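Comments concern the structure below.
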Amino acid sequence: MMKRIFVWLLVLGFILPATGFAQQTSQSTEPYQGMWLPLKVKDLNYDEMKEMGCEVPVDDIYNEEKASLEDAIVKLNGGSCTAEMISSQGLMLTNHHCAYDGIATLSSEDNDLLTDGFWAYSKGDELPVPGGTAAFLVHSEDVTSQLMEAGENAEEKLNELMEAASQDGKYEVEVKDMFNGTEIYIFAYEIYRDVRLVGAPPSSIGKFGFDTDNWMWPRHTGDFALLRVYAGPDNSPAAYSPDNVPYQPRHFLPISIKGVHEGDYAMVMGYPGSTTRYLTSSAIALALDQSNLDKIQLMGQKAKIMKKFMDKDDHTRITLASDYASLMNTYKYYIGQTEMMDRYDVVGEKKAEEAEFQAWAESDSARNEAYGELLATIETIHERYKPIDHFVNYLYYGALFSDATVFTYQQLADLRSTLAKGDQEKIDERFEEGKEAGEEYFKNYFKGIDEQVFTEAFVSFYNNVPSDLHPEVFDQIINPAPKEEVAEDTGKKKKKRKKKKKDETEMEEGPVLTEINPEERIRAWSKKAFETSLAANKDLYMAFIENPNLETIENDPILKFVSGLLNFYTKKIALADATFDYQIDILRREYLKGLREMYSDQNFYPDANSTMRLTYGKVRSYEPKDGVLYNYYTTLAGVMEKEDPNDEEFIVPGKLKELWQKGDYGQYAEDGEMRVNFLTTNDITGGNSGSPVINANGELVGVAFDGNWEAMAGDIHVFPQFNRTICVDARYVLFVIEKYAGAKNLIEELKIVK
């Protein structure tokens, strides 16, 4: 991957200044800030940040030589979320939905932490979170110019720079490209792997509103949880041990209870996952008209099946809670993105920008030579890719969207390959691994759910993908060849007769039924496959592991299905898919190069890619449509207005209601109200969940946890007048910890600024 990037760099022969693009629209009422690399903030952004109200010295924001805000920001669980240090004893604040998987894993039917919540009233009560990690950025560097200077030795130079950044393996180093591969950065992290659950409100607070309110405003969700990072005696990373001690961060954030108000400066630091802000109109049209619709349909049907089974018993509900929440979040995201791209005519906005670009290119002969045909070529390539995109969507979100097919792809196919090679030593080694993988897989395997998910995905693939893109295995299932049997007396083969003579006579007298019903064939085959496949039956799988033989696994129906799909992809789809990626990457890089030339007086920022970013804005209300004004904050009274004891999404805990009735908010109220959530204009996306909202003085005032419905197109195109970040008010967090949970031990650990 890196080698390919450098080849492109050298062939294209350009390096652009490390600026960012402060995107504007004709409807913008104030600057749109973007997602900035902290490394570049001093040179690119700080003057504007000061004008907007920031009082934190720039050297206290990002500084590898001394403690700074950046040291308090945590890349949680590999970048799925963000967290922040809030005490000198390793206490970490993030979102409830970011800790949700860990909470679910630690839950059981007898100890349902999702429903009841969890609070550690001493460090000895804290629970290790399986697989939890906390990564701290210790070094980031733009190495583009060094690599370019190295020429043909760029790869060797990169290895040298990575080795230096790792400090002899002490830190883990990532290489990231920016601006579609025209700039290269390295990032070094210190990763801690002993993370423990400290506090989590019940889901009736932490996920109040659940899927109904997700991505919506007004919001009334206490989406927070507390974790603690543990280290070895020397404060360095260490595997879990009872002897580990709380990590001592270089910096932690004090928490302000002064509150936020309309127009206040707000800054968010975190790890946004992915944006594609520089796409062309043809790429967006493909997503709007096809890709998103495919994903919505396939994810929606899977979610419906899961929910039906989860509602039947607590074990299924608890086990699948995290997977279901993640699926529903993505499902609703694509619905919202599609609706908002259509409502705000994002394709039209991009076409207007492209018309300006085309006119600029054609106004100069050199530019016309470089860019004149670029947009037309991009559009042609997207048009050609449509059927391939359709197939790929239904392959990965449909046919390969069940647990059994994934397990088949990851395990059965490899076990078959190992057996076929006949190396007994490798067979023994690989099958021992396969046994462990099977134990882990079947521990939480729900065959009834998986069979329905698989079947409906297969039917959807068959019905929606054009027949010329149907793998041969489909026809083998729907139109199987007649079975043959061997005559005992002669040894000659003869076709097995489907009907007795009597049946044939009866058929002659009645209507002749020759039409095949593909859906019925698919459902019947699927039922039989799940009865006999190693990927769907633990006893069969384990018996095979103990007594492996090639015939059994080669005849496995789901393995034959998956192999047929992937063989078809390899023969008929893969080259076109890879060619599209290769061509479009180069063309998009050229287009971005041209945009940066055309707007040479503006700052650009790179798309999000799970590296630390800083975004600055203000606390702001907004008008979603004519005649409607959304206030910038909500209160606990709104929670009570939404209460519905008969709807699991809007149940209010009795103790919370009691505190509201008494107005018992302690020092956390403002004008007699308990504020719950508030809005800012900060630019966030997935991965930013759990990021701290920091005020002008460098104090934490909230926790970012969501975007609003009107901002759903924001990963592709931003409309500043609508885009908002939804945040939990820090005072509501403290109120729940102290007054609801009674965890004063945690309050005493914090630095609270009044």
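Ligands are numbered from 1 in the order shown, residues from 1 within each chain, and chains are lettered A, B, ... in the order they appear in the structure tokens.
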Note to self: Give me the residues near stretch 380-393 of chain A as JSON, numbers by chain, where near means some atom within 9 Å (using only C-alpha atoms) and where sequence neighbours in that chain fewer than 3 positions away do not count.
What the structure shows: {"A": [282, 283, 286, 290, 291, 294, 295, 298, 375, 376, 377, 396, 397, 398, 461, 464, 465, 466, 469, 470, 569, 573, 576, 577, 580, 583, 584]}
Next item on the list: Write down as a VMD selection string the residues belonging to stretch 350-545 of chain A that are assigned strand (DSSP E or B) by DSSP computed on the backbone.
Entry: chain A and resid 484 to 486 493 to 495
Notebook entry, point to check: Which parts of stretch 414-658 of chain A does DSSP call helix (DSSP H, G or I) when run on the backbone here, written out as a ChimeraX atom specification?
Noted result: /A:414-421,424-443,447-464,467-469,472-478,501-509,518-532,538-546,550-554,557-598,636-642,648-650,654-658
Please produce an output containing C-alpha atoms for each residue in the selection, written as a compact mmCIF listing (two decimals), in the first residue's frame.
# COMPACT_ATOMS: atom_id res chain seq x y z
CA ASP A 414 -8.72 -22.36 5.26
CA LEU A 415 -9.30 -25.70 6.95
CA ARG A 416 -10.21 -27.21 3.58
CA SER A 417 -7.06 -25.76 2.01
CA THR A 418 -4.89 -27.14 4.83
CA LEU A 419 -6.41 -30.61 4.49
CA ALA A 420 -5.96 -30.61 0.73
CA LYS A 421 -2.22 -29.95 1.06
CA GLN A 424 -0.04 -33.65 8.75
CA GLU A 425 1.99 -31.37 11.01
CA LYS A 426 0.29 -28.29 9.59
CA ILE A 427 -3.09 -30.03 9.70
CA ASP A 428 -2.67 -30.77 13.41
CA GLU A 429 -1.58 -27.20 14.13
CA ARG A 430 -4.30 -25.58 12.04
CA PHE A 431 -7.08 -27.80 13.35
CA GLU A 432 -6.11 -27.04 16.94
CA GLU A 433 -6.55 -23.37 16.08
CA GLY A 434 -9.82 -24.26 14.35
CA LYS A 435 -11.08 -25.93 17.49
CA GLU A 436 -10.42 -22.81 19.56
CA ALA A 437 -12.03 -20.62 16.89
CA GLY A 438 -15.09 -22.87 16.86
CA GLU A 439 -15.48 -22.77 20.63
CA GLU A 440 -15.40 -18.98 20.53
CA TYR A 441 -17.73 -18.72 17.53
CA PHE A 442 -20.43 -21.11 18.73
CA LYS A 443 -20.41 -19.63 22.23
CA LYS A 447 -28.63 -20.34 14.45
CA GLY A 448 -32.28 -19.30 14.07
CA ILE A 449 -31.35 -15.66 13.56
CA ASP A 450 -28.45 -16.43 11.27
CA GLU A 451 -30.47 -18.74 9.03
CA GLN A 452 -33.12 -16.07 8.49
CA VAL A 453 -30.51 -13.35 7.88
CA PHE A 454 -28.76 -15.55 5.34
CA THR A 455 -31.95 -16.62 3.60
CA GLU A 456 -33.39 -13.12 3.22
CA ALA A 457 -30.02 -11.82 2.00
CA PHE A 458 -29.82 -14.60 -0.60
CA VAL A 459 -33.36 -13.87 -1.80
CA SER A 460 -32.59 -10.13 -1.98
CA PHE A 461 -29.41 -10.76 -3.96
CA TYR A 462 -31.28 -12.97 -6.42
CA ASN A 463 -34.16 -10.53 -6.87
CA ASN A 464 -32.20 -7.27 -7.07
CA SER A 467 -29.21 -12.02 -13.68
CA ASP A 468 -26.05 -11.62 -15.77
CA LEU A 469 -24.24 -10.96 -12.47
CA GLU A 472 -23.23 -20.04 -11.22
CA VAL A 473 -23.85 -21.37 -7.72
CA PHE A 474 -27.25 -19.63 -7.75
CA ASP A 475 -28.32 -21.67 -10.77
CA GLN A 476 -26.97 -24.85 -9.19
CA ILE A 477 -29.25 -24.22 -6.20
CA ILE A 478 -32.34 -23.07 -8.07
CA LYS A 501 -46.12 -43.79 -13.58
CA LYS A 502 -49.27 -43.18 -11.61
CA ASP A 503 -48.17 -39.61 -10.86
CA GLU A 504 -47.36 -39.04 -14.53
CA THR A 505 -50.85 -40.22 -15.51
CA GLU A 506 -52.41 -37.90 -12.94
CA MET A 507 -50.32 -34.98 -14.21
CA GLU A 508 -51.47 -35.62 -17.74
CA GLU A 509 -55.06 -35.29 -16.59
CA PRO A 518 -36.75 -19.30 -7.21
CA GLU A 519 -37.60 -17.97 -3.75
CA GLU A 520 -39.08 -21.30 -2.68
CA ARG A 521 -36.01 -23.12 -3.98
CA ILE A 522 -33.70 -20.72 -2.14
CA ARG A 523 -35.60 -21.07 1.13
CA ALA A 524 -35.74 -24.85 0.90
CA TRP A 525 -32.03 -25.07 0.08
CA SER A 526 -31.15 -22.66 2.88
CA LYS A 527 -33.12 -24.67 5.44
CA LYS A 528 -31.31 -27.84 4.44
CA ALA A 529 -27.93 -26.08 4.34
CA PHE A 530 -28.27 -24.83 7.89
CA GLU A 531 -29.24 -28.30 9.04
CA THR A 532 -26.07 -29.84 7.63
CA LYS A 538 -21.43 -27.02 16.69
CA ASP A 539 -21.66 -30.80 17.11
CA LEU A 540 -20.98 -31.39 13.42
CA TYR A 541 -18.13 -28.91 13.41
CA MET A 542 -16.43 -30.34 16.48
CA ALA A 543 -16.84 -33.90 15.22
CA PHE A 544 -15.18 -32.82 11.98
CA ILE A 545 -12.32 -31.15 13.88
CA GLU A 546 -11.70 -34.40 15.76
CA LEU A 550 -11.64 -33.72 2.83
CA GLU A 551 -14.91 -35.16 1.51
CA THR A 552 -16.98 -33.80 4.41
CA ILE A 553 -15.72 -30.26 4.15
CA GLU A 554 -15.74 -30.15 0.36
CA PRO A 557 -23.26 -26.56 1.46
CA ILE A 558 -22.39 -23.14 2.87
CA LEU A 559 -18.72 -23.56 1.99
CA LYS A 560 -19.71 -24.48 -1.58
CA PHE A 561 -21.99 -21.43 -1.67
CA VAL A 562 -19.32 -19.03 -0.38
CA SER A 563 -16.70 -20.54 -2.67
CA GLY A 564 -19.03 -20.13 -5.62
CA LEU A 565 -19.65 -16.49 -4.77
CA LEU A 566 -16.01 -15.65 -4.31
CA ASN A 567 -14.90 -17.58 -7.38
CA PHE A 568 -17.40 -15.63 -9.45
CA TYR A 569 -16.18 -12.39 -7.88
CA THR A 570 -12.57 -13.31 -8.66
CA LYS A 571 -13.29 -14.26 -12.28
CA LYS A 572 -15.91 -11.69 -13.27
CA ILE A 573 -15.88 -8.79 -10.81
CA ALA A 574 -12.53 -8.34 -9.06
CA LEU A 575 -10.58 -6.88 -11.98
CA ALA A 576 -13.27 -4.31 -12.78
CA ASP A 577 -13.61 -3.48 -9.07
CA ALA A 578 -9.86 -3.01 -8.61
CA THR A 579 -9.54 -1.09 -11.87
CA PHE A 580 -12.23 1.32 -10.75
CA ASP A 581 -10.51 1.89 -7.40
CA TYR A 582 -7.15 2.46 -9.07
CA GLN A 583 -8.45 4.82 -11.73
CA ILE A 584 -10.76 6.81 -9.50
CA ASP A 585 -8.08 7.27 -6.83
CA ILE A 586 -5.74 8.87 -9.35
CA LEU A 587 -8.48 11.03 -10.86
CA ARG A 588 -9.73 12.21 -7.47
CA ARG A 589 -6.18 13.11 -6.54
CA GLU A 590 -5.92 15.16 -9.70
CA TYR A 591 -9.24 16.86 -9.02
CA LEU A 592 -8.22 17.77 -5.47
CA LYS A 593 -4.91 19.06 -6.80
CA GLY A 594 -6.84 21.28 -9.20
CA LEU A 595 -9.21 22.52 -6.50
CA ARG A 596 -6.30 23.52 -4.33
CA GLU A 597 -4.77 25.43 -7.23
CA MET A 598 -8.07 27.15 -8.00
CA LEU A 636 -34.47 17.16 32.45
CA ALA A 637 -38.04 18.38 32.11
CA GLY A 638 -37.86 17.21 28.50
CA VAL A 639 -36.94 13.71 29.66
CA MET A 640 -40.15 13.62 31.68
CA GLU A 641 -42.16 14.91 28.74
CA LYS A 642 -40.91 12.01 26.63
CA GLU A 648 -38.51 0.50 26.37
CA GLU A 649 -36.82 3.42 24.60
CA PHE A 650 -38.44 6.05 26.83
CA GLY A 654 -37.77 6.04 39.29
CA LYS A 655 -34.89 7.65 41.17
CA LEU A 656 -34.20 10.09 38.33
CA LYS A 657 -37.85 11.11 38.32
CA GLU A 658 -37.77 11.58 42.07
Checklist line | Close residues, stretch 663-673 of chain A itself excluded, 7 Å, only C-alpha atoms, min 5 positions apart in chain, as a list in words | finding: Ile257, Thr635, Arg731 and Phe735 of chain A
Checklist line | Residue nearest A:Thr144 among A:Gln661, A:Gln358, A:Ser322, A:Thr182 (counting only C-alpha atoms) | finding: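 Nearest candidate to A:Thr144 out of A:Gln661, A:Gln358, A:Ser322, A:Thr182: A:Thr182.
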Next item on the list: Identify, on the basis of only C-alpha atoms, every residue whose closest approach to A:Leu679 does not exceed 9 Å; exclude the query and any residue fewer than 4 positions from it along the same chain; express the result as an MDAnalysis selection string.
Entry: chainID A and resid 618:622 631:633 724:727
Item checked: Counting only C-alpha atoms, the option among A:Ala608, A:Met35, A:Ala83, A:Leu106 closest to A:Phe224 ->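 Under the stated criterion, the closest residue is A:Ala83.
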Margin query: I'd like the interatomic distance between atom CA of A:Gly422 and atom CA of A:Ala535, to a tenth of an Å.
Written below: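 Spanning atom CA of A:Gly422 to atom CA of A:Ala535 is a straight-line distance of 22.2 Å.
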Check: Which residue, A:Gly714, A:Glu748, A:Ala200, A:Asn682, has the smallest gap to A:Asp116 when you use only C-alpha atoms?
Finding: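 Result for the nearest residue to A:Asp116: A:Ala200.
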Checklist line | Shell of 8 Å around A:Gly690, only C-alpha atoms, local chain residues under 6 positions omitted, as a list in words | finding: Cys81, Thr82, Ala83, Glu84, Leu93, Thr94, Asn95, Cys98, Phe224, Val703, Ala704 and Phe705 of chain A
Atoms kept (C-alpha atoms) for selection, written as a PDB file, in the first residue's frame:
ATOM      1  CA  CYS A  81     -14.405   6.095  19.724  1.00  0.00           C
ATOM      2  CA  THR A  82     -12.626   8.858  21.617  1.00  0.00           C
ATOM      3  CA  ALA A  83     -12.232   9.377  25.360  1.00  0.00           C
ATOM      4  CA  GLU A  84     -10.505  11.908  27.621  1.00  0.00           C
ATOM      5  CA  LEU A  93     -14.738   9.819  30.313  1.00  0.00           C
ATOM      6  CA  THR A  94     -16.414   8.643  27.102  1.00  0.00           C
ATOM      7  CA  ASN A  95     -19.877   7.859  25.763  1.00  0.00           C
ATOM      8  CA  CYS A  98     -18.698   3.678  23.252  1.00  0.00           C
ATOM      9  CA  PHE A 224     -21.589   8.872  29.090  1.00  0.00           C
ATOM     10  CA  VAL A 703     -19.032  15.202  25.812  1.00  0.00           C
ATOM     11  CA  ALA A 704     -19.805  14.963  22.098  1.00  0.00           C
ATOM     12  CA  PHE A 705     -21.975  11.982  21.238  1.00  0.00           C
TER      13      PHE A 705
END
Margin query: Counting only C-alpha atoms, which residue out of A:Asp556, A:Asn214, A:Pro624, A:Gly206 sits closest to A:Ala413?
Written below: A:Asp556
